[in-house]
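As structure tokens, the structure follows; a few thoughts come after it.
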Amino acid sequence: PVDYKRASYSAFVGLCSGPLFHYWFKALDHLIPGKESMANAAKKTLLDQALAAPFINTSFYWAISTLEGHSQQETWEKIRSTFLPTWRMNLTVWPAAQLINFRVVPFDLRILWLNAVGMGWRCYLSWMAHNKATSTAKLT
């Protein structure tokens, strides 16, 4: 069965992140100007993965947990237990998606491209946020 409350929370968080992405990509274009060469695309991808990805993934878990009424202690425990597994999975999806984004996709269509990739990614994040195994996982 579809959990409409969970889906609406995830959709809300996704919608709220759109403006953030817009300004983030504008900033990247300002920091690394010029033609979208492979070198520039790689630099932007590196910055995106080093700075934006950890913030965005952590923000997703924080927002979902807060919307669901969990305490801040429960929220930070969820973030702690999901950060490394999420980061590992992030590195299998987003660097390639971002290289395509920065190298091929025109600026005005980047958010659309990222929303297409991000729909699957938000499903993964939602699954991780509600996966009982990640709540009890001990990081080494």
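Residue numbering restarts at 1 in every chain; chains get A, B, ... in the order shown in the structure tokens, and ligands count up from 1 in that same order.
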
For range 10-27 of chain A: contacts at 10 Å, only C-alpha atoms, fewer than 2 positions along chain excluded, given as a ChimeraX atom specification: /A:4-8,29-33,44,48,52,56,59-61,63-64,67,102,107-108,110-112,114-115,118-119,122-123,125-126

Go ahead and write the selection's residues with N, CA and C atoms as a JSON list (two decimals), in the first residue's frame.
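Just written: selection-v9.json:
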```
[["chain", "number", "residue", "atom", "x", "y", "z"],
["A", 4, "TYR", "N", 0.72, 7.64, 1.91],
["A", 4, "TYR", "CA", 0.56, 8.98, 1.35],
["A", 4, "TYR", "C", 1.21, 10.05, 2.22],
["A", 5, "LYS", "N", 1.20, 9.86, 3.51],
["A", 5, "LYS", "CA", 1.83, 10.83, 4.40],
["A", 5, "LYS", "C", 3.35, 10.86, 4.14],
["A", 6, "ARG", "N", 3.95, 9.69, 4.09],
["A", 6, "ARG", "CA", 5.38, 9.58, 3.82],
["A", 6, "ARG", "C", 5.72, 10.15, 2.44],
["A", 7, "ALA", "N", 4.90, 9.83, 1.45],
["A", 7, "ALA", "CA", 5.12, 10.34, 0.09],
["A", 7, "ALA", "C", 4.99, 11.86, 0.05],
["A", 8, "SER", "N", 4.02, 12.40, 0.76],
["A", 8, "SER", "CA", 3.83, 13.86, 0.75],
["A", 8, "SER", "C", 5.00, 14.56, 1.44],
["A", 29, "ASP", "N", 28.60, 27.81, -11.60],
["A", 29, "ASP", "CA", 28.93, 28.45, -12.88],
["A", 29, "ASP", "C", 29.74, 29.72, -12.69],
["A", 30, "HIS", "N", 29.49, 30.42, -11.60],
["A", 30, "HIS", "CA", 30.26, 31.62, -11.29],
["A", 30, "HIS", "C", 31.69, 31.26, -10.84],
["A", 31, "LEU", "N", 31.79, 30.22, -10.00],
["A", 31, "LEU", "CA", 33.11, 29.80, -9.50],
["A", 31, "LEU", "C", 33.98, 29.17, -10.59],
["A", 32, "ILE", "N", 33.34, 28.43, -11.49],
["A", 32, "ILE", "CA", 34.06, 27.75, -12.57],
["A", 32, "ILE", "C", 33.42, 28.18, -13.89],
["A", 33, "PRO", "N", 33.80, 29.38, -14.35],
["A", 33, "PRO", "CA", 33.18, 29.91, -15.57],
["A", 33, "PRO", "C", 33.80, 29.29, -16.83],
["A", 44, "LYS", "N", 33.25, 20.91, -11.25],
["A", 44, "LYS", "CA", 31.93, 21.19, -10.68],
["A", 44, "LYS", "C", 31.37, 19.96, -9.97],
["A", 48, "ASP", "N", 30.43, 19.73, -6.13],
["A", 48, "ASP", "CA", 29.07, 19.33, -5.79],
["A", 48, "ASP", "C", 29.06, 18.15, -4.83],
["A", 52, "ALA", "N", 27.90, 19.98, -1.57],
["A", 52, "ALA", "CA", 26.43, 19.97, -1.59],
["A", 52, "ALA", "C", 25.84, 18.63, -1.20],
["A", 56, "ILE", "N", 22.85, 18.14, 1.43],
["A", 56, "ILE", "CA", 21.51, 17.83, 0.92],
["A", 56, "ILE", "C", 20.98, 16.52, 1.49],
["A", 59, "SER", "N", 20.21, 17.00, 5.15],
["A", 59, "SER", "CA", 19.03, 17.85, 5.27],
["A", 59, "SER", "C", 17.75, 17.06, 5.00],
["A", 60, "PHE", "N", 17.80, 16.14, 4.05],
["A", 60, "PHE", "CA", 16.64, 15.32, 3.76],
["A", 60, "PHE", "C", 16.25, 14.52, 5.00],
["A", 61, "TYR", "N", 17.22, 13.83, 5.60],
["A", 61, "TYR", "CA", 16.92, 13.02, 6.78],
["A", 61, "TYR", "C", 16.42, 13.90, 7.93],
["A", 63, "ALA", "N", 14.86, 16.85, 7.71],
["A", 63, "ALA", "CA", 13.53, 17.37, 7.41],
["A", 63, "ALA", "C", 12.45, 16.28, 7.56],
["A", 64, "ILE", "N", 12.71, 15.10, 7.03],
["A", 64, "ILE", "CA", 11.72, 14.01, 7.12],
["A", 64, "ILE", "C", 11.48, 13.65, 8.58],
["A", 67, "LEU", "N", 9.50, 16.46, 10.26],
["A", 67, "LEU", "CA", 8.11, 16.45, 9.82],
["A", 67, "LEU", "C", 7.32, 15.30, 10.45],
["A", 102, "PHE", "N", 26.57, 18.61, -16.00],
["A", 102, "PHE", "CA", 27.45, 19.75, -16.25],
["A", 102, "PHE", "C", 28.05, 19.75, -17.66],
["A", 107, "PHE", "N", 22.01, 24.76, -19.09],
["A", 107, "PHE", "CA", 21.76, 25.29, -17.75],
["A", 107, "PHE", "C", 20.28, 25.33, -17.40],
["A", 108, "ASP", "N", 19.44, 25.80, -18.32],
["A", 108, "ASP", "CA", 18.02, 25.96, -18.01],
["A", 108, "ASP", "C", 17.27, 24.64, -17.91],
["A", 110, "ARG", "N", 18.87, 21.89, -16.31],
["A", 110, "ARG", "CA", 19.57, 21.09, -15.29],
["A", 110, "ARG", "C", 18.65, 20.64, -14.16],
["A", 111, "ILE", "N", 17.79, 21.51, -13.69],
["A", 111, "ILE", "CA", 16.90, 21.13, -12.59],
["A", 111, "ILE", "C", 15.97, 20.01, -13.04],
["A", 112, "LEU", "N", 15.49, 20.08, -14.28],
["A", 112, "LEU", "CA", 14.63, 19.02, -14.82],
["A", 112, "LEU", "C", 15.38, 17.69, -14.85],
["A", 114, "LEU", "N", 18.00, 16.83, -13.04],
["A", 114, "LEU", "CA", 18.25, 16.38, -11.67],
["A", 114, "LEU", "C", 16.99, 15.89, -10.98],
["A", 115, "ASN", "N", 15.85, 16.48, -11.32],
["A", 115, "ASN", "CA", 14.59, 15.98, -10.76],
["A", 115, "ASN", "C", 14.31, 14.57, -11.26],
["A", 118, "GLY", "N", 16.75, 12.53, -9.43],
["A", 118, "GLY", "CA", 16.46, 12.69, -8.01],
["A", 118, "GLY", "C", 15.21, 11.98, -7.55],
["A", 119, "MET", "N", 14.27, 11.72, -8.45],
["A", 119, "MET", "CA", 13.07, 11.00, -8.03],
["A", 119, "MET", "C", 13.45, 9.61, -7.50],
["A", 122, "ARG", "N", 15.40, 10.11, -4.16],
["A", 122, "ARG", "CA", 14.54, 10.38, -3.00],
["A", 122, "ARG", "C", 13.83, 9.12, -2.53],
["A", 123, "CYS", "N", 13.51, 8.22, -3.46],
["A", 123, "CYS", "CA", 12.93, 6.93, -3.05],
["A", 123, "CYS", "C", 13.94, 6.16, -2.19],
["A", 125, "LEU", "N", 16.44, 7.52, -0.42],
["A", 125, "LEU", "CA", 16.57, 8.22, 0.86],
["A", 125, "LEU", "C", 15.38, 7.94, 1.77],
["A", 126, "SER", "N", 14.19, 7.90, 1.20],
["A", 126, "SER", "CA", 13.00, 7.60, 1.99],
["A", 126, "SER", "C", 13.08, 6.18, 2.56]]
```

Neighbour list for range 94-99 of chain A as a ChimeraX atom specification, cut-off 9 Å, only C-alpha atoms, skip fewer than 5 positions in-chain: /A:38,41-42,44-46,48-49,53,89,104,113-114,117

What does the file look like for those residues with N, CA, C and O atoms, as a PDB file, in the first residue's frame?
```pdb
ATOM      1  N   MET A  38      35.174  18.938 -20.276  1.00  0.00           N
ATOM      2  CA  MET A  38      35.190  17.809 -19.342  1.00  0.00           C
ATOM      3  C   MET A  38      35.914  18.211 -18.049  1.00  0.00           C
ATOM      4  O   MET A  38      35.482  17.827 -16.964  1.00  0.00           O
ATOM      5  N   ALA A  41      33.476  20.326 -16.046  1.00  0.00           N
ATOM      6  CA  ALA A  41      32.410  19.462 -15.534  1.00  0.00           C
ATOM      7  C   ALA A  41      32.928  18.630 -14.354  1.00  0.00           C
ATOM      8  O   ALA A  41      32.219  18.463 -13.356  1.00  0.00           O
ATOM      9  N   ALA A  42      34.152  18.138 -14.457  1.00  0.00           N
ATOM     10  CA  ALA A  42      34.736  17.341 -13.369  1.00  0.00           C
ATOM     11  C   ALA A  42      34.949  18.196 -12.119  1.00  0.00           C
ATOM     12  O   ALA A  42      34.678  17.747 -11.001  1.00  0.00           O
ATOM     13  N   LYS A  44      33.246  20.909 -11.252  1.00  0.00           N
ATOM     14  CA  LYS A  44      31.931  21.187 -10.682  1.00  0.00           C
ATOM     15  C   LYS A  44      31.372  19.959  -9.969  1.00  0.00           C
ATOM     16  O   LYS A  44      30.782  20.068  -8.893  1.00  0.00           O
ATOM     17  N   THR A  45      31.572  18.794 -10.568  1.00  0.00           N
ATOM     18  CA  THR A  45      31.104  17.555  -9.944  1.00  0.00           C
ATOM     19  C   THR A  45      31.824  17.320  -8.625  1.00  0.00           C
ATOM     20  O   THR A  45      31.192  16.949  -7.628  1.00  0.00           O
ATOM     21  N   LEU A  46      33.120  17.531  -8.601  1.00  0.00           N
ATOM     22  CA  LEU A  46      33.889  17.361  -7.368  1.00  0.00           C
ATOM     23  C   LEU A  46      33.381  18.306  -6.276  1.00  0.00           C
ATOM     24  O   LEU A  46      33.149  17.878  -5.138  1.00  0.00           O
ATOM     25  N   ASP A  48      30.430  19.731  -6.126  1.00  0.00           N
ATOM     26  CA  ASP A  48      29.070  19.331  -5.787  1.00  0.00           C
ATOM     27  C   ASP A  48      29.062  18.151  -4.828  1.00  0.00           C
ATOM     28  O   ASP A  48      28.331  18.151  -3.837  1.00  0.00           O
ATOM     29  N   GLN A  49      29.877  17.165  -5.108  1.00  0.00           N
ATOM     30  CA  GLN A  49      29.898  15.966  -4.272  1.00  0.00           C
ATOM     31  C   GLN A  49      30.559  16.212  -2.922  1.00  0.00           C
ATOM     32  O   GLN A  49      30.183  15.618  -1.924  1.00  0.00           O
ATOM     33  N   ALA A  53      26.398  17.539  -1.708  1.00  0.00           N
ATOM     34  CA  ALA A  53      25.789  16.219  -1.473  1.00  0.00           C
ATOM     35  C   ALA A  53      25.652  15.873   0.010  1.00  0.00           C
ATOM     36  O   ALA A  53      24.559  15.472   0.435  1.00  0.00           O
ATOM     37  N   MET A  89      26.320   5.016  -1.383  1.00  0.00           N
ATOM     38  CA  MET A  89      25.375   4.885  -2.496  1.00  0.00           C
ATOM     39  C   MET A  89      25.373   6.151  -3.350  1.00  0.00           C
ATOM     40  O   MET A  89      25.298   6.074  -4.579  1.00  0.00           O
ATOM     41  N   VAL A 104      26.657  18.059 -20.541  1.00  0.00           N
ATOM     42  CA  VAL A 104      25.731  17.905 -21.656  1.00  0.00           C
ATOM     43  C   VAL A 104      24.467  18.748 -21.519  1.00  0.00           C
ATOM     44  O   VAL A 104      23.999  19.345 -22.487  1.00  0.00           O
ATOM     45  N   TRP A 113      16.622  17.691 -15.345  1.00  0.00           N
ATOM     46  CA  TRP A 113      17.449  16.476 -15.372  1.00  0.00           C
ATOM     47  C   TRP A 113      17.651  15.940 -13.959  1.00  0.00           C
ATOM     48  O   TRP A 113      17.493  14.747 -13.695  1.00  0.00           O
ATOM     49  N   LEU A 114      17.999  16.826 -13.044  1.00  0.00           N
ATOM     50  CA  LEU A 114      18.252  16.384 -11.670  1.00  0.00           C
ATOM     51  C   LEU A 114      16.993  15.893 -10.984  1.00  0.00           C
ATOM     52  O   LEU A 114      17.049  14.983 -10.161  1.00  0.00           O
ATOM     53  N   VAL A 117      16.580  12.246 -12.149  1.00  0.00           N
ATOM     54  CA  VAL A 117      17.479  11.349 -11.410  1.00  0.00           C
ATOM     55  C   VAL A 117      17.092  11.345  -9.932  1.00  0.00           C
ATOM     56  O   VAL A 117      17.069  10.301  -9.279  1.00  0.00           O
TER      57      VAL A 117
END
```

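Nearest residue to Glu77 in chain A among A:Leu91, A:Ala129, A:Val2, A:Leu51 is A:Ala129, counting only C-alpha atoms.
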
From the list A:Trp87, A:Arg103, A:Gly69, A:Asp3, which residue is nearest Ala50 in chain A when using only C-alpha atoms?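 Ranked by minimum distance to Ala50 in chain A, first place goes to A:Trp87.
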